[in-house]
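Reproduced below: protein.txt, with compact mmCIF, C-alpha atoms.
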# COMPACT_ATOMS: atom_id res chain seq x y z
CA MET A 1 239.09 -59.46 162.79
CA PHE A 2 237.96 -61.61 165.74
CA TYR A 3 234.30 -60.75 165.30
CA TRP A 4 234.56 -61.26 161.54
CA LEU A 5 235.96 -64.74 162.12
CA VAL A 6 233.19 -65.52 164.60
CA LYS A 7 230.59 -64.42 162.08
CA ARG A 8 232.12 -66.51 159.29
CA ILE A 9 232.92 -69.61 161.36
CA LEU A 10 230.00 -69.75 163.79
CA ALA A 11 227.13 -67.55 162.60
CA GLY A 12 227.83 -68.13 158.90
CA PRO A 13 227.08 -71.86 158.74
CA LEU A 14 223.94 -71.38 160.83
CA LEU A 15 222.60 -68.62 158.56
CA LYS A 16 223.38 -70.71 155.48
CA LEU A 17 221.60 -73.72 156.94
CA VAL A 18 218.47 -71.79 157.92
CA TYR A 19 218.12 -69.28 155.07
CA ARG A 20 219.83 -71.17 152.23
CA PRO A 21 221.24 -67.99 150.64
CA TRP A 22 222.27 -67.95 147.00
CA ILE A 23 224.57 -65.75 144.95
CA ARG A 24 225.16 -64.92 141.30
CA GLY A 25 228.14 -63.06 139.89
CA ALA A 26 230.53 -63.62 142.80
CA ARG A 27 233.42 -63.70 140.31
CA ASN A 28 232.80 -60.03 139.57
CA VAL A 29 234.44 -59.18 142.90
CA PRO A 30 238.22 -59.05 142.36
CA ALA A 31 240.32 -61.44 144.40
CA ALA A 32 242.64 -58.60 145.41
CA GLY A 33 242.79 -54.82 145.25
CA ALA A 34 240.43 -52.00 146.13
CA ALA A 35 236.78 -52.21 145.20
CA ILE A 36 233.54 -50.48 146.18
CA LEU A 37 230.45 -52.64 146.61
CA ALA A 38 227.38 -50.45 146.06
CA SER A 39 224.20 -52.22 147.14
CA ASN A 40 220.52 -51.58 147.49
CA HIS A 41 219.48 -51.53 151.14
CA GLN A 42 216.30 -53.28 152.21
CA ALA A 43 216.99 -54.64 155.70
CA VAL A 44 219.51 -54.78 158.54
CA ILE A 45 220.42 -58.31 157.49
CA ASP A 46 221.84 -57.02 154.20
CA SER A 47 225.05 -56.36 156.12
CA PHE A 48 225.14 -59.98 157.29
CA PHE A 49 224.32 -61.87 154.12
CA LEU A 50 226.42 -59.86 151.68
CA PRO A 51 229.73 -60.45 153.55
CA LEU A 52 228.66 -64.03 154.23
CA MET A 53 228.42 -64.85 150.53
CA LEU A 54 231.77 -63.34 149.51
CA ASP A 55 235.30 -64.51 150.32
CA ARG A 56 236.79 -61.07 150.93
CA GLN A 57 236.22 -59.05 154.07
CA ILE A 58 233.99 -56.02 153.52
CA VAL A 59 234.03 -52.84 155.56
CA PHE A 60 230.73 -50.93 155.80
CA ILE A 61 229.50 -47.56 156.96
CA GLY A 62 226.90 -47.92 159.72
CA LYS A 63 224.55 -45.43 161.34
CA GLN A 64 225.84 -43.80 164.49
CA GLU A 65 222.99 -45.26 166.57
CA TYR A 66 224.55 -48.72 166.32
CA PHE A 67 227.49 -47.46 168.37
CA THR A 68 225.72 -45.45 171.06
CA GLY A 69 223.31 -48.00 172.54
CA THR A 70 223.21 -48.53 176.30
CA GLY A 71 222.91 -51.63 178.44
CA VAL A 72 224.10 -55.11 177.61
CA LYS A 73 222.39 -55.21 174.21
CA GLY A 74 223.77 -51.82 173.22
CA ARG A 75 227.32 -52.79 174.15
CA LEU A 76 227.05 -56.09 172.30
CA VAL A 77 225.79 -54.39 169.14
CA SER A 78 228.46 -51.72 169.35
CA GLY A 79 231.20 -54.29 169.93
CA PHE A 80 230.04 -56.44 167.04
CA MET A 81 229.83 -53.50 164.64
CA ARG A 82 233.30 -52.30 165.55
CA GLY A 83 234.66 -55.83 165.39
CA VAL A 84 233.52 -56.37 161.80
CA GLY A 85 235.00 -53.03 160.79
CA THR A 86 231.81 -50.98 160.47
CA ILE A 87 232.52 -47.24 160.31
CA PRO A 88 230.05 -45.05 162.21
CA VAL A 89 228.43 -42.21 160.27
CA ASP A 90 226.25 -39.38 161.52
CA ARG A 91 223.36 -39.39 159.04
CA SER A 92 222.61 -35.76 159.82
CA GLY A 93 225.38 -34.99 157.34
CA GLY A 94 228.10 -32.37 157.53
CA ARG A 95 231.62 -32.99 158.78
CA ALA A 96 230.76 -36.29 160.51
CA SER A 97 229.68 -37.85 157.22
CA GLU A 98 232.76 -36.47 155.47
CA ALA A 99 234.95 -38.04 158.15
CA ALA A 100 233.32 -41.44 157.65
CA LEU A 101 233.81 -41.24 153.89
CA ALA A 102 237.43 -40.23 154.43
CA THR A 103 237.89 -43.36 156.53
CA GLY A 104 236.39 -45.42 153.72
CA LEU A 105 238.76 -43.74 151.28
CA ARG A 106 241.75 -44.75 153.42
CA HIS A 107 240.48 -48.33 153.43
CA LEU A 108 240.30 -48.29 149.64
CA HIS A 109 243.79 -46.83 149.38
CA ASP A 110 244.95 -49.80 151.47
CA GLY A 111 243.50 -52.13 148.84
CA GLY A 112 240.39 -53.18 150.77
CA VAL A 113 236.75 -53.73 149.82
CA PHE A 114 234.36 -51.04 150.97
CA GLY A 115 230.61 -51.64 151.09
CA ILE A 116 228.18 -48.75 150.83
CA TYR A 117 224.43 -48.29 150.52
CA PRO A 118 224.00 -45.28 148.20
CA GLU A 119 220.36 -44.82 149.27
CA GLY A 120 221.70 -43.76 152.67
CA THR A 121 219.12 -45.69 154.67
CA ARG A 122 216.90 -48.73 154.32
CA SER A 123 214.12 -48.57 151.76
CA PRO A 124 210.83 -47.95 153.56
CA ASP A 125 208.81 -50.09 151.15
CA GLY A 126 211.11 -52.33 149.11
CA ARG A 127 211.49 -49.88 146.22
CA LEU A 128 214.82 -48.44 145.09
CA TYR A 129 215.41 -44.79 146.00
CA ARG A 130 217.63 -41.97 144.76
CA GLY A 131 221.31 -42.46 145.50
CA LYS A 132 223.42 -40.03 147.48
CA THR A 133 226.60 -38.85 145.80
CA GLY A 134 229.06 -40.05 148.45
CA VAL A 135 229.58 -43.27 146.51
CA ALA A 136 230.55 -41.27 143.42
CA ARG A 137 233.02 -39.17 145.38
CA LEU A 138 234.65 -42.32 146.76
CA ALA A 139 234.93 -43.81 143.29
CA LEU A 140 236.44 -40.70 141.73
CA GLU A 141 238.90 -39.98 144.54
CA SER A 142 240.05 -43.58 144.94
CA GLY A 143 239.94 -44.75 141.34
CA ALA A 144 238.48 -48.03 142.59
CA PRO A 145 235.88 -49.86 140.50
CA VAL A 146 232.28 -49.77 141.69
CA ILE A 147 230.58 -53.16 141.77
CA PRO A 148 226.76 -52.94 141.83
CA VAL A 149 224.98 -55.40 144.09
CA ALA A 150 221.32 -56.34 144.50
CA MET A 151 220.12 -57.89 147.73
CA VAL A 152 217.09 -60.07 147.00
CA GLY A 153 214.40 -61.09 149.48
CA THR A 154 215.70 -59.24 152.52
CA ALA A 155 212.83 -56.72 152.47
CA ALA A 156 210.30 -59.55 152.71
CA ALA A 157 212.34 -61.41 155.30
CA GLN A 158 212.89 -58.41 157.55
CA PRO A 159 210.63 -55.43 156.88
CA ILE A 160 211.25 -52.35 158.99
CA GLY A 161 210.14 -53.03 162.55
CA ARG A 162 210.76 -56.78 162.45
CA ARG A 163 213.68 -57.93 164.61
CA ILE A 164 213.93 -61.63 163.75
CA PRO A 165 213.97 -62.23 159.98
CA LYS A 166 211.40 -64.58 158.52
CA ILE A 167 212.92 -67.83 157.30
CA MET A 168 213.09 -67.67 153.51
CA ARG A 169 215.75 -67.78 150.83
CA ILE A 170 217.98 -64.70 150.56
CA GLY A 171 219.81 -63.81 147.37
CA VAL A 172 222.78 -61.70 146.30
CA VAL A 173 223.31 -60.65 142.68
CA VAL A 174 226.68 -59.08 141.87
CA GLY A 175 227.06 -57.07 138.69
CA LYS A 176 230.08 -56.29 136.55
CA PRO A 177 232.50 -53.60 137.80
CA LEU A 178 231.90 -50.02 136.69
CA ASP A 179 234.96 -47.95 135.82
CA PHE A 180 234.78 -44.20 136.44
CA THR A 181 238.47 -43.33 136.07
CA ARG A 182 237.50 -41.17 133.08
CA TYR A 183 236.18 -38.66 135.63
CA ARG A 184 239.28 -38.67 137.83
CA GLY A 185 239.96 -35.20 139.24
CA MET A 186 236.34 -34.10 138.78
CA GLU A 187 235.11 -35.10 142.23
CA ASP A 188 234.13 -31.51 143.05
CA ASP A 189 231.80 -31.22 140.07
CA ARG A 190 228.30 -31.84 141.46
CA PHE A 191 226.90 -32.61 138.02
CA ILE A 192 229.51 -35.32 137.46
CA LEU A 193 228.84 -36.72 140.95
CA ARG A 194 225.12 -36.90 140.22
CA SER A 195 225.68 -38.50 136.83
CA VAL A 196 228.01 -41.16 138.26
CA THR A 197 225.62 -41.87 141.13
CA ASP A 198 222.68 -42.26 138.75
CA GLU A 199 224.70 -44.67 136.61
CA ILE A 200 225.45 -46.77 139.69
CA MET A 201 221.81 -46.75 140.79
CA TYR A 202 220.71 -47.73 137.29
CA ALA A 203 223.05 -50.71 137.41
CA ILE A 204 221.59 -51.74 140.76
CA MET A 205 218.06 -51.34 139.40
CA SER A 206 218.96 -53.50 136.38
CA LEU A 207 220.12 -56.26 138.74
CA SER A 208 217.32 -56.08 141.30
CA GLY A 209 214.27 -55.42 139.11
CA GLN A 210 213.03 -52.97 141.76
CA GLU A 211 210.70 -50.10 141.05
CA TYR A 212 212.64 -46.82 141.22
CA VAL A 213 211.56 -43.65 143.00
CA ASP A 214 213.50 -40.44 142.26
CA VAL A 215 213.28 -39.30 145.86
CA TYR A 216 215.69 -39.85 148.74
CA ALA A 217 214.65 -42.72 151.00
CA ALA A 218 214.94 -40.48 154.06
CA THR A 219 212.50 -38.02 152.47
CA GLN A 220 210.05 -40.82 151.78
CA LYS A 221 210.32 -42.04 155.36
CA ALA A 222 209.50 -38.53 156.56
CA ARG A 223 206.48 -38.45 154.24
CA ILE A 224 205.25 -41.77 155.58
CA ALA A 225 205.72 -40.60 159.16
CA THR A 226 203.44 -37.63 158.49
CA GLY A 227 200.86 -39.77 156.69
CA HIS A 228 201.67 -38.42 153.22
CA PRO A 229 203.68 -41.07 151.33
CA ALA A 230 203.41 -38.96 148.16
CA ALA A 231 203.61 -35.22 147.94
CA SER A 232 200.28 -33.55 147.23
CA GLY A 233 199.62 -33.71 143.49
CA ASP A 234 202.94 -35.44 142.79
CA VAL A 235 201.90 -37.63 139.87
CA ALA A 236 205.55 -38.45 139.10
CA ASP A 237 205.69 -40.69 142.16
CA HIS A 238 203.32 -43.09 140.41
CA LEU A 239 205.00 -43.17 136.99
CA PRO A 240 207.71 -45.65 135.96
CA ALA A 241 211.12 -44.05 136.38
CA ALA A 242 214.82 -44.83 136.26
CA PRO A 243 217.88 -42.99 137.56
CA GLY A 244 219.03 -40.05 135.46
CA GLY A 245 215.96 -40.18 133.24
CA ARG A 246 217.17 -43.35 131.54
CA PRO A 247 214.72 -45.85 130.01
CA VAL A 248 213.19 -48.18 132.59
CA PRO A 249 214.92 -51.57 132.25
CA ASP A 250 212.66 -54.50 131.49
CA VAL A 251 213.99 -56.67 134.31
CA ALA A 252 212.04 -58.90 136.66
CA PRO A 253 213.18 -59.43 140.25
CA PRO A 254 215.71 -62.29 140.35
CA GLU A 255 214.52 -65.73 141.39
CA PRO A 256 216.53 -68.25 143.42
CA PRO A 257 218.11 -71.08 141.45
CA ALA A 258 216.10 -74.26 141.03
CA GLU A 259 216.84 -76.93 143.58

For the structure just supplied, provide its representation as structure tokens.
Amino acid sequence: MFYWLVKRILAGPLLKLVYRPWIRGARNVPAAGAAILASNHQAVIDSFFLPLMLDRQIVFIGKQEYFTGTGVKGRLVSGFMRGVGTIPVDRSGGRASEAALATGLRHLHDGGVFGIYPEGTRSPDGRLYRGKTGVARLALESGAPVIPVAMVGTAAAQPIGRRIPKIMRIGVVVGKPLDFTRYRGMEDDRFILRSVTDEIMYAIMSLSGQEYVDVYAATQKARIATGHPAASGDVADHLPAAPGGRPVPDVAPPEPPAE
């Protein structure tokens, strides 16, 4: 709580002054009760600007590396992440990831707001990537509504590899809550989990106006690392797509409000 207050009282006004962030749809976040905020993930600063623009405290899952750094910087980062309630997750999967999701589920059962990036990692190129089904499992097991969120401008402000974000306007677009209680008790059905996840990703795509790629972001990062951003002969990577084979929404990326 202390670090959250520091961020809101000290860092918050400074970030608002410098980056002039804007938000649409803030009323879609309930004033009380459990809720899952499912957002696209373009930059590290997503986890700063999203909580900054909402009144309720948000708990996130964060990669394990944030908590294992050494030296003064590593300890500061680890302390800050723990202070704001970030839950460490081992992105290699398995039991560690299940434990992190279980912690998120307990937070939802306590009536809190849980933030999650269904893509699992930052987008390597600003496009929207295939969602992992953990968000669907959380929704079905908790019964909490899923609120889609689009972070706007953070990829341009802080592309991968850039430490200090470029000064430009950052936006947050919050969509209407999605109710998946009709699938309650079906959290072990992988087809249901995929369908729910695709519906969530489609809602995010409809808010952000991003191009969608039906590949996991981690897979795309591995391709880029080997110098092959598209699989050999994979024409589908270059065709318009949307989650779950739905029609591609005719939505342009949101623009900041006129001043």

Q. For the atom pair CA of Ile23 in chain A and CA of Gly153 in chain A, what is the interatomic distance in Å to one decimal place?
A.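 Computing the Euclidean distance for CA of Ile23 in chain A and CA of Gly153 in chain A yields 12.1 Å.
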
Distance table requested - range 8-40 of chain A against range 162-178 of chain A, cut-off 10 Å, only C-alpha atoms: one row per qualifying residue with the closest atom pair and its distance in Å to one decimal, ordered by chain and rising residue number, as a Markdown table.
| residue | atom | partner | partner_atom | distance |
| --- | --- | --- | --- | --- |
| A:Leu15 | CA | A:Ile167 | CA | 9.8 |
| A:Lys16 | CA | A:Arg169 | CA | 9.4 |
| A:Val18 | CA | A:Ile167 | CA | 6.8 |
| A:Tyr19 | CA | A:Arg169 | CA | 5.1 |
| A:Arg20 | CA | A:Arg169 | CA | 5.5 |
| A:Pro21 | CA | A:Ile170 | CA | 4.6 |
| A:Trp22 | CA | A:Gly171 | CA | 4.8 |
| A:Ile23 | CA | A:Val172 | CA | 4.6 |
| A:Arg24 | CA | A:Val173 | CA | 4.9 |
| A:Gly25 | CA | A:Val174 | CA | 4.7 |
| A:Ala26 | CA | A:Val174 | CA | 6.0 |
| A:Arg27 | CA | A:Val174 | CA | 8.3 |
| A:Asn28 | CA | A:Lys176 | CA | 5.5 |
| A:Val29 | CA | A:Pro177 | CA | 7.8 |
| A:Pro30 | CA | A:Pro177 | CA | 9.1 |
| A:Ala35 | CA | A:Pro177 | CA | 8.7 |
| A:Ile36 | CA | A:Pro177 | CA | 9.0 |
| A:Leu37 | CA | A:Val174 | CA | 8.8 |
| A:Ala38 | CA | A:Val174 | CA | 9.6 |
| A:Ser39 | CA | A:Val174 | CA | 9.0 |

**Q.** Surrounding residues of Tyr216 in chain A excluding itself and chain neighbours under 5 positions, 8 Å, all atoms listed in the file, as a PyMOL selection string
**A.** chain A and resi 119+129-132

Could you name the residues that touch Ile192 in chain A at 12 Å or less, counting all atoms listed in the file, but leaving out those on the same chain fewer than 5 positions away, as an mmCIF file with C-alpha atoms, in the frame of the given file?
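Below is the file part.cif, written as the result:
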data_model
loop_
_atom_site.group_PDB
_atom_site.id
_atom_site.type_symbol
_atom_site.label_atom_id
_atom_site.label_comp_id
_atom_site.auth_asym_id
_atom_site.auth_seq_id
_atom_site.Cartn_x
_atom_site.Cartn_y
_atom_site.Cartn_z
ATOM 1 C CA THR A 133 226.600 -38.850 145.800
ATOM 2 C CA GLY A 134 229.060 -40.050 148.450
ATOM 3 C CA ALA A 136 230.550 -41.270 143.420
ATOM 4 C CA ARG A 137 233.020 -39.170 145.380
ATOM 5 C CA ALA A 139 234.930 -43.810 143.290
ATOM 6 C CA LEU A 140 236.440 -40.700 141.730
ATOM 7 C CA PHE A 180 234.780 -44.200 136.440
ATOM 8 C CA ARG A 182 237.500 -41.170 133.080
ATOM 9 C CA TYR A 183 236.180 -38.660 135.630
ATOM 10 C CA ARG A 184 239.280 -38.670 137.830
ATOM 11 C CA GLY A 185 239.960 -35.200 139.240
ATOM 12 C CA MET A 186 236.340 -34.100 138.780
ATOM 13 C CA GLU A 187 235.110 -35.100 142.230
ATOM 14 C CA THR A 197 225.620 -41.870 141.130
ATOM 15 C CA ASP A 198 222.680 -42.260 138.750
ATOM 16 C CA GLU A 199 224.700 -44.670 136.610
ATOM 17 C CA GLY A 244 219.030 -40.050 135.460
#

Let me have the centre and edge lengths of the axis-aligned box enclosing all listed atoms of range 187-196 of chain A with 4 Å padding on every side, in Å to one decimal, as JSON.
{"center_x": 230.1, "center_y": -36.2, "center_z": 139.9, "size_x": 18.0, "size_y": 17.9, "size_z": 14.2}

With a distance cut-off of 6 Å and all atoms listed in the file, select the neighbouring residues of Gly209 in chain A, excluding the residue or stretch itself and same-chain residues fewer than 5 positions from it, and output the selection as a PDB file with C-alpha atoms, keeping the file's coordinate frame.
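As a result, part-v9.pdb now contains:
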ATOM      1  CA  VAL A 251     213.990 -56.670 134.310  1.00  0.00           C
ATOM      2  CA  ALA A 252     212.040 -58.900 136.660  1.00  0.00           C
ATOM      3  CA  PRO A 253     213.180 -59.430 140.250  1.00  0.00           C
TER       4      PRO A 253
END

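With all atoms listed in the file as the atoms that count, the residue of A:Leu193, A:Ala43, A:Met205, A:Pro88 with the shortest distance to Glu65 in chain A is A:Pro88.
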
Q.
Counting all atoms listed in the file, which residue out of A:Arg246, A:Arg106, A:Arg127, A:Arg194 sits closest to Asn40 in chain A?
A.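 Answer, going by the shortest atom-to-atom distance: A:Arg127.
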
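Comparing A:Ala34, A:Ile147, A:Ile204, A:Val152 by their smallest distance to Leu108 in chain A, the closest is A:Ala34 (using only C-alpha atoms).
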
(Q) Applying 10 Å and only C-alpha atoms, which residues near Pro124 in chain A remain after dropping the ones on its own chain fewer than 3 positions away? List them as a ChimeraX atom specification. (A) /A:41-43,121,127-129,155,159-160,217-218,220-222,224

Excluding same-chain residues fewer than 4 positions from His107 in chain A, what lies within 10 Å of it counting only C-alpha atoms, as a PDB file with C-alpha atoms, in the frame of the given file?
ATOM      1  CA  ALA A  34     240.430 -52.000 146.130  1.00  0.00           C
ATOM      2  CA  ALA A  35     236.780 -52.210 145.200  1.00  0.00           C
ATOM      3  CA  VAL A  59     234.030 -52.840 155.560  1.00  0.00           C
ATOM      4  CA  LEU A 101     233.810 -41.240 153.890  1.00  0.00           C
ATOM      5  CA  ALA A 102     237.430 -40.230 154.430  1.00  0.00           C
ATOM      6  CA  THR A 103     237.890 -43.360 156.530  1.00  0.00           C
ATOM      7  CA  GLY A 111     243.500 -52.130 148.840  1.00  0.00           C
ATOM      8  CA  GLY A 112     240.390 -53.180 150.770  1.00  0.00           C
ATOM      9  CA  VAL A 113     236.750 -53.730 149.820  1.00  0.00           C
ATOM     10  CA  PHE A 114     234.360 -51.040 150.970  1.00  0.00           C
ATOM     11  CA  SER A 142     240.050 -43.580 144.940  1.00  0.00           C
TER      12      SER A 142
END

Q: Considering all atoms listed in the file, state which residue in the set A:Leu54, A:Met151, A:Ala99, A:Ile61 is at the smallest distance from Pro256 in chain A.
A: A:Met151

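Counting all atoms listed in the file, the residue from A:Ser195, A:Ser47, A:Ser206, A:Thr70 that sits nearest to Pro148 in chain A is A:Ser206.
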
Q. What is the CA of Arg122 in chain A to CA of Pro145 in chain A distance in Å?
A. 23.5 Å

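Reported to one decimal place, the separation of CA of Ile87 in chain A from CA of Tyr212 in chain A is 27.6 Å.
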
Q. Using only C-alpha atoms, which of A:Thr86, A:Ser123, A:Gln158, A:Thr181 sits nearest Val215 in chain A?
A. A:Ser123
